[in-house]
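> File follows, coords16.json with JSON, C-alpha atoms:
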```json
[["chain", "number", "residue", "atom", "x", "y", "z"],
["V", 17, "MET", "CA", 82.01, 108.26, 67.50],
["V", 18, "ALA", "CA", 82.66, 111.47, 65.62],
["V", 19, "ALA", "CA", 82.82, 113.28, 62.33],
["V", 20, "THR", "CA", 84.01, 116.84, 61.85],
["V", 21, "ILE", "CA", 84.10, 119.11, 58.84],
["V", 22, "ASP", "CA", 86.88, 121.56, 58.07],
["V", 23, "LYS", "CA", 87.02, 124.80, 56.06],
["V", 24, "ASN", "CA", 87.80, 122.87, 52.85],
["V", 25, "ASN", "CA", 84.62, 120.74, 53.20],
["V", 26, "ILE", "CA", 86.65, 117.67, 54.12],
["V", 27, "VAL", "CA", 84.78, 115.53, 56.61],
["V", 28, "HIS", "CA", 87.10, 113.69, 59.00],
["V", 29, "VAL", "CA", 85.46, 110.54, 60.34],
["V", 30, "SER", "CA", 86.51, 108.34, 63.23],
["V", 31, "THR", "CA", 87.69, 104.76, 62.75],
["V", 32, "GLU", "CA", 84.36, 103.55, 64.13],
["V", 33, "VAL", "CA", 82.38, 105.54, 61.54],
["V", 34, "LEU", "CA", 84.72, 104.36, 58.79],
["V", 35, "GLN", "CA", 84.15, 100.72, 59.76],
["V", 36, "LYS", "CA", 80.37, 101.15, 59.87],
["V", 37, "LEU", "CA", 80.28, 102.81, 56.46],
["V", 38, "SER", "CA", 82.52, 100.07, 55.04],
["V", 39, "SER", "CA", 79.79, 97.55, 55.74],
["V", 40, "ILE", "CA", 77.12, 99.42, 53.74],
["V", 41, "ALA", "CA", 78.92, 101.19, 50.88],
["V", 42, "GLU", "CA", 80.71, 100.10, 47.73],
["V", 43, "GLU", "CA", 84.52, 99.86, 47.94],
["V", 44, "HIS", "CA", 86.84, 100.60, 45.03],
["V", 45, "ASP", "CA", 90.55, 99.76, 44.83],
["V", 46, "TYR", "CA", 92.67, 102.05, 42.67],
["V", 47, "THR", "CA", 95.64, 100.23, 41.18],
["V", 48, "THR", "CA", 96.75, 103.35, 39.31],
["V", 49, "GLU", "CA", 96.56, 107.06, 40.06],
["V", 50, "ALA", "CA", 93.12, 108.46, 39.26],
["V", 51, "GLU", "CA", 91.05, 111.63, 39.27],
["V", 52, "LEU", "CA", 87.89, 111.31, 41.35],
["V", 53, "TYR", "CA", 86.47, 114.62, 40.17],
["V", 54, "TYR", "CA", 87.69, 117.86, 38.65],
["V", 55, "GLU", "CA", 87.79, 121.41, 39.93],
["V", 56, "ASN", "CA", 84.49, 123.24, 39.27],
["V", 57, "HIS", "CA", 82.58, 119.96, 38.78],
["V", 58, "THR", "CA", 79.94, 118.58, 41.12],
["V", 59, "PRO", "CA", 80.92, 115.12, 42.42],
["V", 60, "VAL", "CA", 78.47, 112.33, 41.56],
["V", 61, "VAL", "CA", 79.18, 110.53, 44.87],
["V", 62, "ALA", "CA", 80.97, 111.31, 48.12],
["V", 63, "TYR", "CA", 84.34, 109.57, 48.50],
["V", 64, "LEU", "CA", 85.68, 108.14, 51.76],
["V", 65, "ILE", "CA", 89.37, 107.22, 51.82],
["V", 66, "LEU", "CA", 89.72, 103.82, 53.52],
["V", 67, "GLU", "CA", 93.46, 103.43, 53.07],
["V", 68, "GLY", "CA", 96.10, 105.05, 50.93],
["V", 69, "LYS", "CA", 96.47, 108.69, 50.02],
["V", 70, "GLY", "CA", 94.97, 111.37, 47.86],
["V", 71, "LYS", "CA", 94.86, 115.10, 47.48],
["V", 72, "LEU", "CA", 92.60, 118.00, 46.73],
["V", 73, "PHE", "CA", 94.12, 120.41, 44.26],
["V", 74, "LYS", "CA", 93.37, 123.78, 42.75],
["V", 75, "LYS", "CA", 95.20, 125.67, 40.04],
["V", 76, "ARG", "CA", 98.02, 127.77, 41.45],
["V", 77, "ARG", "CA", 97.28, 126.69, 45.01],
["V", 78, "LYS", "CA", 98.90, 124.36, 47.49],
["V", 79, "ASP", "CA", 97.56, 120.78, 47.43],
["V", 80, "ILE", "CA", 95.63, 119.47, 50.44],
["V", 81, "SER", "CA", 96.61, 115.94, 51.48],
["V", 82, "LEU", "CA", 93.95, 113.29, 52.06],
["V", 83, "LYS", "CA", 94.31, 110.19, 54.21],
["V", 84, "ALA", "CA", 92.23, 107.36, 55.63],
["V", 85, "GLY", "CA", 89.08, 108.69, 57.28],
["V", 86, "ASP", "CA", 88.71, 111.71, 54.97],
["V", 87, "LEU", "CA", 85.32, 112.04, 53.26],
["V", 88, "ILE", "CA", 85.18, 114.43, 50.32],
["V", 89, "GLY", "CA", 82.46, 115.62, 47.97],
["V", 90, "LEU", "CA", 79.61, 115.18, 50.47],
["V", 91, "ILE", "CA", 78.71, 118.85, 50.84],
["V", 92, "GLU", "CA", 78.97, 119.55, 47.11],
["V", 93, "LEU", "CA", 76.91, 116.43, 46.29],
["V", 94, "PHE", "CA", 74.03, 117.42, 48.57],
["V", 95, "ASN", "CA", 74.12, 121.13, 47.77],
["V", 96, "HIS", "CA", 74.43, 120.49, 44.01],
["V", 97, "THR", "CA", 77.41, 122.83, 43.88],
["V", 98, "PRO", "CA", 80.67, 122.51, 42.00],
["V", 99, "SER", "CA", 83.74, 121.74, 44.05],
["V", 100, "ALA", "CA", 86.35, 124.44, 44.50],
["V", 101, "TYR", "CA", 88.95, 121.65, 44.23],
["V", 102, "GLY", "CA", 89.71, 118.65, 42.09],
["V", 103, "ALA", "CA", 90.36, 115.32, 43.81],
["V", 104, "HIS", "CA", 93.05, 112.77, 42.98],
["V", 105, "VAL", "CA", 94.06, 109.44, 44.57],
["V", 106, "GLN", "CA", 97.36, 107.60, 44.40],
["V", 107, "SER", "CA", 97.71, 104.01, 43.26],
["V", 108, "GLY", "CA", 97.00, 101.52, 46.03],
["V", 109, "THR", "CA", 94.24, 103.65, 47.53],
["V", 110, "LYS", "CA", 90.93, 102.14, 48.67],
["V", 111, "VAL", "CA", 87.88, 104.38, 48.51],
["V", 112, "LEU", "CA", 84.23, 103.95, 49.50],
["V", 113, "PHE", "CA", 81.62, 105.45, 47.18],
["V", 114, "LEU", "CA", 78.65, 106.96, 49.03],
["V", 115, "ASP", "CA", 75.90, 107.93, 46.63],
["V", 116, "ARG", "CA", 72.93, 110.14, 47.47],
["V", 117, "SER", "CA", 70.56, 107.21, 47.81],
["V", 118, "THR", "CA", 72.83, 105.39, 50.28],
["V", 119, "ILE", "CA", 73.25, 108.53, 52.39],
["V", 120, "ASN", "CA", 69.50, 109.26, 52.24],
["V", 121, "GLU", "CA", 68.84, 105.68, 53.30],
["V", 122, "ILE", "CA", 71.16, 106.15, 56.30],
["V", 123, "ILE", "CA", 69.30, 109.34, 57.25],
["V", 124, "GLU", "CA", 65.75, 108.14, 56.60],
["V", 125, "GLU", "CA", 65.92, 104.49, 57.66],
["V", 126, "ASP", "CA", 66.87, 102.98, 61.00],
["V", 127, "ILE", "CA", 70.05, 101.35, 59.74],
["V", 128, "ASP", "CA", 72.29, 102.88, 62.41],
["V", 129, "GLU", "CA", 71.26, 105.69, 64.76],
["V", 130, "ASP", "CA", 74.81, 107.02, 65.20],
["V", 131, "LEU", "CA", 75.41, 107.27, 61.44],
["V", 132, "LYS", "CA", 71.98, 108.83, 60.98],
["V", 133, "ARG", "CA", 72.74, 111.54, 63.53],
["V", 134, "ILE", "CA", 76.21, 112.21, 62.08],
["V", 135, "PHE", "CA", 74.95, 112.69, 58.51],
["V", 136, "GLN", "CA", 71.99, 114.79, 59.67],
["V", 137, "ASP", "CA", 74.37, 117.05, 61.62],
["V", 138, "LEU", "CA", 76.88, 117.29, 58.76],
["V", 139, "LEU", "CA", 74.26, 118.20, 56.19],
["V", 140, "VAL", "CA", 72.50, 120.73, 58.43],
["V", 141, "HIS", "CA", 75.77, 122.58, 59.06],
["V", 142, "ALA", "CA", 76.91, 122.46, 55.46]]
```
Transcribe the structure of this file into structure tokens.

Amino acid sequence: MAATIDKNNIVHVSTEVLQKLSSIAEEHDYTTEAELYYENHTPVVAYLILEGKGKLFKKRRKDISLKAGDLIGLIELFNHTPSAYGAHVQSGTKVLFLDRSTINEIIEEDIDEDLKRIFQDLLVHA
């Protein structure tokens, strides 16, 4: 079971992690295109793409594609920092919302040891 973070603060989670998080977080289905958050704003939750597509975008820069298993906004949420990118999802995309309290519960409670370790590692290295 794995999760890695890239230079754009996108966390890539394995299918196993995605399935575990699906059982404890709130899912949202986007029937139209939508902005999740804007460039230079701090996300209010972290967003995990379950299925569908999205993108990170920045003025005058190339867009970064998002796909199932990509978790965005986590580092900015926990560091209380604005995102260098805005985030957008296409219609037909399913997204999990992971708020601070849910993530803290994963870390502090014994819900799932693997998830606990993954989030502890991600947030330490962020």
> Tell me, in Å to one decimal, how far atom CA of Lys23 of chain V is from atom CA of Asn120 of chain V.
23.7 Å
> Using all atoms listed in the file, which residue out of V:Glu55, V:Asp86, V:Glu67, V:Asp79 lies closest to Val29 of chain V?
V:Asp86
> Quick one: residues within 12 Å of segment 111-118 of chain V, all atoms listed in the file, excluding same-chain residues fewer than 4 positions away - as an NGL selection string?
:V and (34-47 or 50 or 52 or 59-70 or 82-96 or 104-107 or 122-125 or 127 or 131-132 or 135 or 139)
> Restricted to C-alpha atoms, what would the selected residues look like written as a tab-separated table (two decimals), in the coordinates of the input?

```
chain	number	residue	atom	x	y	z
V	34	LEU	CA	84.72	104.36	58.79
V	35	GLN	CA	84.15	100.72	59.76
V	36	LYS	CA	80.37	101.15	59.87
V	37	LEU	CA	80.28	102.81	56.46
V	38	SER	CA	82.52	100.07	55.04
V	39	SER	CA	79.79	97.55	55.74
V	40	ILE	CA	77.12	99.42	53.74
V	41	ALA	CA	78.92	101.19	50.88
V	42	GLU	CA	80.71	100.10	47.73
V	43	GLU	CA	84.52	99.86	47.94
V	44	HIS	CA	86.84	100.60	45.03
V	45	ASP	CA	90.55	99.76	44.83
V	46	TYR	CA	92.67	102.05	42.67
V	47	THR	CA	95.64	100.23	41.18
V	50	ALA	CA	93.12	108.46	39.26
V	52	LEU	CA	87.89	111.31	41.35
V	59	PRO	CA	80.92	115.12	42.42
V	60	VAL	CA	78.47	112.33	41.56
V	61	VAL	CA	79.18	110.53	44.87
V	62	ALA	CA	80.97	111.31	48.12
V	63	TYR	CA	84.34	109.57	48.50
V	64	LEU	CA	85.68	108.14	51.76
V	65	ILE	CA	89.37	107.22	51.82
V	66	LEU	CA	89.72	103.82	53.52
V	67	GLU	CA	93.46	103.43	53.07
V	68	GLY	CA	96.10	105.05	50.93
V	69	LYS	CA	96.47	108.69	50.02
V	70	GLY	CA	94.97	111.37	47.86
V	82	LEU	CA	93.95	113.29	52.06
V	83	LYS	CA	94.31	110.19	54.21
V	84	ALA	CA	92.23	107.36	55.63
V	85	GLY	CA	89.08	108.69	57.28
V	86	ASP	CA	88.71	111.71	54.97
V	87	LEU	CA	85.32	112.04	53.26
V	88	ILE	CA	85.18	114.43	50.32
V	89	GLY	CA	82.46	115.62	47.97
V	90	LEU	CA	79.61	115.18	50.47
V	91	ILE	CA	78.71	118.85	50.84
V	92	GLU	CA	78.97	119.55	47.11
V	93	LEU	CA	76.91	116.43	46.29
V	94	PHE	CA	74.03	117.42	48.57
V	95	ASN	CA	74.12	121.13	47.77
V	96	HIS	CA	74.43	120.49	44.01
V	104	HIS	CA	93.05	112.77	42.98
V	105	VAL	CA	94.06	109.44	44.57
V	106	GLN	CA	97.36	107.60	44.40
V	107	SER	CA	97.71	104.01	43.26
V	122	ILE	CA	71.16	106.15	56.30
V	123	ILE	CA	69.30	109.34	57.25
V	124	GLU	CA	65.75	108.14	56.60
V	125	GLU	CA	65.92	104.49	57.66
V	127	ILE	CA	70.05	101.35	59.74
V	131	LEU	CA	75.41	107.27	61.44
V	132	LYS	CA	71.98	108.83	60.98
V	135	PHE	CA	74.95	112.69	58.51
V	139	LEU	CA	74.26	118.20	56.19
```
> Have a look at V:Ile21, V:Ala100, V:Ile119, V:Val33 and name the one nearest to Gln136 of chain V; count all atoms listed in the file.
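Closest to Gln136 of chain V, using all atoms listed in the file: V:Ile119.
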> To one decimal place, how far is atom CA of Leu138 of chain V from atom CA of Pro98 of chain V in Å?
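Computed distance, atom CA of Leu138 of chain V to atom CA of Pro98 of chain V, equals 18.0 Å.
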> How many Å lie between atom CA of Thr97 of chain V and atom CA of Thr58 of chain V, rounded to one decimal?
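Atom CA of Thr58 of chain V lies at a distance of 5.7 Å from atom CA of Thr97 of chain V.
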> Assuming the input is short of atoms at segment 52-76 of chain V, produce N, CA and C atoms for that part as a PDB file, keeping the file's coordinate frame.

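Produced file rebuild.pdb, reproduced below:
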```pdb
ATOM      1  N   LEU V  52      89.233 111.628  40.881  1.00  0.00           N
ATOM      2  CA  LEU V  52      87.890 111.310  41.350  1.00  0.00           C
ATOM      3  C   LEU V  52      86.888 112.312  40.776  1.00  0.00           C
ATOM      4  N   TYR V  53      87.264 113.577  40.804  1.00  0.00           N
ATOM      5  CA  TYR V  53      86.470 114.620  40.170  1.00  0.00           C
ATOM      6  C   TYR V  53      87.361 115.828  39.934  1.00  0.00           C
ATOM      7  N   TYR V  54      86.899 116.711  39.058  1.00  0.00           N
ATOM      8  CA  TYR V  54      87.690 117.860  38.650  1.00  0.00           C
ATOM      9  C   TYR V  54      87.221 119.142  39.320  1.00  0.00           C
ATOM     10  N   GLU V  55      88.121 120.080  39.403  1.00  0.00           N
ATOM     11  CA  GLU V  55      87.790 121.410  39.930  1.00  0.00           C
ATOM     12  C   GLU V  55      86.618 121.985  39.147  1.00  0.00           C
ATOM     13  N   ASN V  56      85.684 122.616  39.841  1.00  0.00           N
ATOM     14  CA  ASN V  56      84.490 123.240  39.270  1.00  0.00           C
ATOM     15  C   ASN V  56      83.454 122.242  38.747  1.00  0.00           C
ATOM     16  N   HIS V  57      83.592 120.976  39.103  1.00  0.00           N
ATOM     17  CA  HIS V  57      82.580 119.960  38.780  1.00  0.00           C
ATOM     18  C   HIS V  57      81.911 119.497  40.070  1.00  0.00           C
ATOM     19  N   THR V  58      80.661 119.107  39.967  1.00  0.00           N
ATOM     20  CA  THR V  58      79.940 118.580  41.120  1.00  0.00           C
ATOM     21  C   THR V  58      80.183 117.069  41.186  1.00  0.00           C
ATOM     22  N   PRO V  59      80.701 116.565  42.301  1.00  0.00           N
ATOM     23  CA  PRO V  59      80.920 115.120  42.420  1.00  0.00           C
ATOM     24  C   PRO V  59      79.598 114.354  42.301  1.00  0.00           C
ATOM     25  N   VAL V  60      79.667 113.151  41.725  1.00  0.00           N
ATOM     26  CA  VAL V  60      78.470 112.330  41.560  1.00  0.00           C
ATOM     27  C   VAL V  60      78.238 111.432  42.774  1.00  0.00           C
ATOM     28  N   VAL V  61      79.258 111.254  43.600  1.00  0.00           N
ATOM     29  CA  VAL V  61      79.180 110.530  44.870  1.00  0.00           C
ATOM     30  C   VAL V  61      80.112 111.223  45.852  1.00  0.00           C
ATOM     31  N   ALA V  62      79.981 110.883  47.126  1.00  0.00           N
ATOM     32  CA  ALA V  62      80.970 111.310  48.120  1.00  0.00           C
ATOM     33  C   ALA V  62      81.992 110.190  48.226  1.00  0.00           C
ATOM     34  N   TYR V  63      83.241 110.531  48.485  1.00  0.00           N
ATOM     35  CA  TYR V  63      84.340 109.570  48.500  1.00  0.00           C
ATOM     36  C   TYR V  63      84.964 109.522  49.885  1.00  0.00           C
ATOM     37  N   LEU V  64      85.051 108.334  50.460  1.00  0.00           N
ATOM     38  CA  LEU V  64      85.680 108.140  51.760  1.00  0.00           C
ATOM     39  C   LEU V  64      86.955 107.327  51.570  1.00  0.00           C
ATOM     40  N   ILE V  65      88.089 107.915  51.936  1.00  0.00           N
ATOM     41  CA  ILE V  65      89.370 107.220  51.820  1.00  0.00           C
ATOM     42  C   ILE V  65      89.456 106.173  52.939  1.00  0.00           C
ATOM     43  N   LEU V  66      89.582 104.907  52.550  1.00  0.00           N
ATOM     44  CA  LEU V  66      89.720 103.820  53.520  1.00  0.00           C
ATOM     45  C   LEU V  66      91.183 103.591  53.879  1.00  0.00           C
ATOM     46  N   GLU V  67      92.012 103.544  52.867  1.00  0.00           N
ATOM     47  CA  GLU V  67      93.460 103.430  53.070  1.00  0.00           C
ATOM     48  C   GLU V  67      94.138 103.983  51.839  1.00  0.00           C
ATOM     49  N   GLY V  68      95.369 104.412  52.023  1.00  0.00           N
ATOM     50  CA  GLY V  68      96.100 105.050  50.930  1.00  0.00           C
ATOM     51  C   GLY V  68      96.062 106.561  51.082  1.00  0.00           C
ATOM     52  N   LYS V  69      96.365 107.233  49.971  1.00  0.00           N
ATOM     53  CA  LYS V  69      96.470 108.690  50.020  1.00  0.00           C
ATOM     54  C   LYS V  69      95.851 109.330  48.784  1.00  0.00           C
ATOM     55  N   GLY V  70      95.488 110.574  48.958  1.00  0.00           N
ATOM     56  CA  GLY V  70      94.970 111.370  47.860  1.00  0.00           C
ATOM     57  C   GLY V  70      95.258 112.824  48.118  1.00  0.00           C
ATOM     58  N   LYS V  71      94.684 113.665  47.272  1.00  0.00           N
ATOM     59  CA  LYS V  71      94.860 115.100  47.480  1.00  0.00           C
ATOM     60  C   LYS V  71      93.728 115.863  46.812  1.00  0.00           C
ATOM     61  N   LEU V  72      93.444 117.007  47.374  1.00  0.00           N
ATOM     62  CA  LEU V  72      92.600 118.000  46.730  1.00  0.00           C
ATOM     63  C   LEU V  72      93.548 119.003  46.104  1.00  0.00           C
ATOM     64  N   PHE V  73      93.225 119.456  44.918  1.00  0.00           N
ATOM     65  CA  PHE V  73      94.120 120.410  44.260  1.00  0.00           C
ATOM     66  C   PHE V  73      93.319 121.490  43.561  1.00  0.00           C
ATOM     67  N   LYS V  74      93.979 122.627  43.400  1.00  0.00           N
ATOM     68  CA  LYS V  74      93.370 123.780  42.750  1.00  0.00           C
ATOM     69  C   LYS V  74      94.485 124.474  41.990  1.00  0.00           C
ATOM     70  N   LYS V  75      94.176 124.980  40.834  1.00  0.00           N
ATOM     71  CA  LYS V  75      95.200 125.670  40.040  1.00  0.00           C
ATOM     72  C   LYS V  75      95.885 126.744  40.859  1.00  0.00           C
ATOM     73  N   ARG V  76      97.194 126.757  40.793  1.00  0.00           N
ATOM     74  CA  ARG V  76      98.020 127.770  41.450  1.00  0.00           C
ATOM     75  C   ARG V  76      97.848 127.835  42.966  1.00  0.00           C
TER      76      ARG V  76
END
```
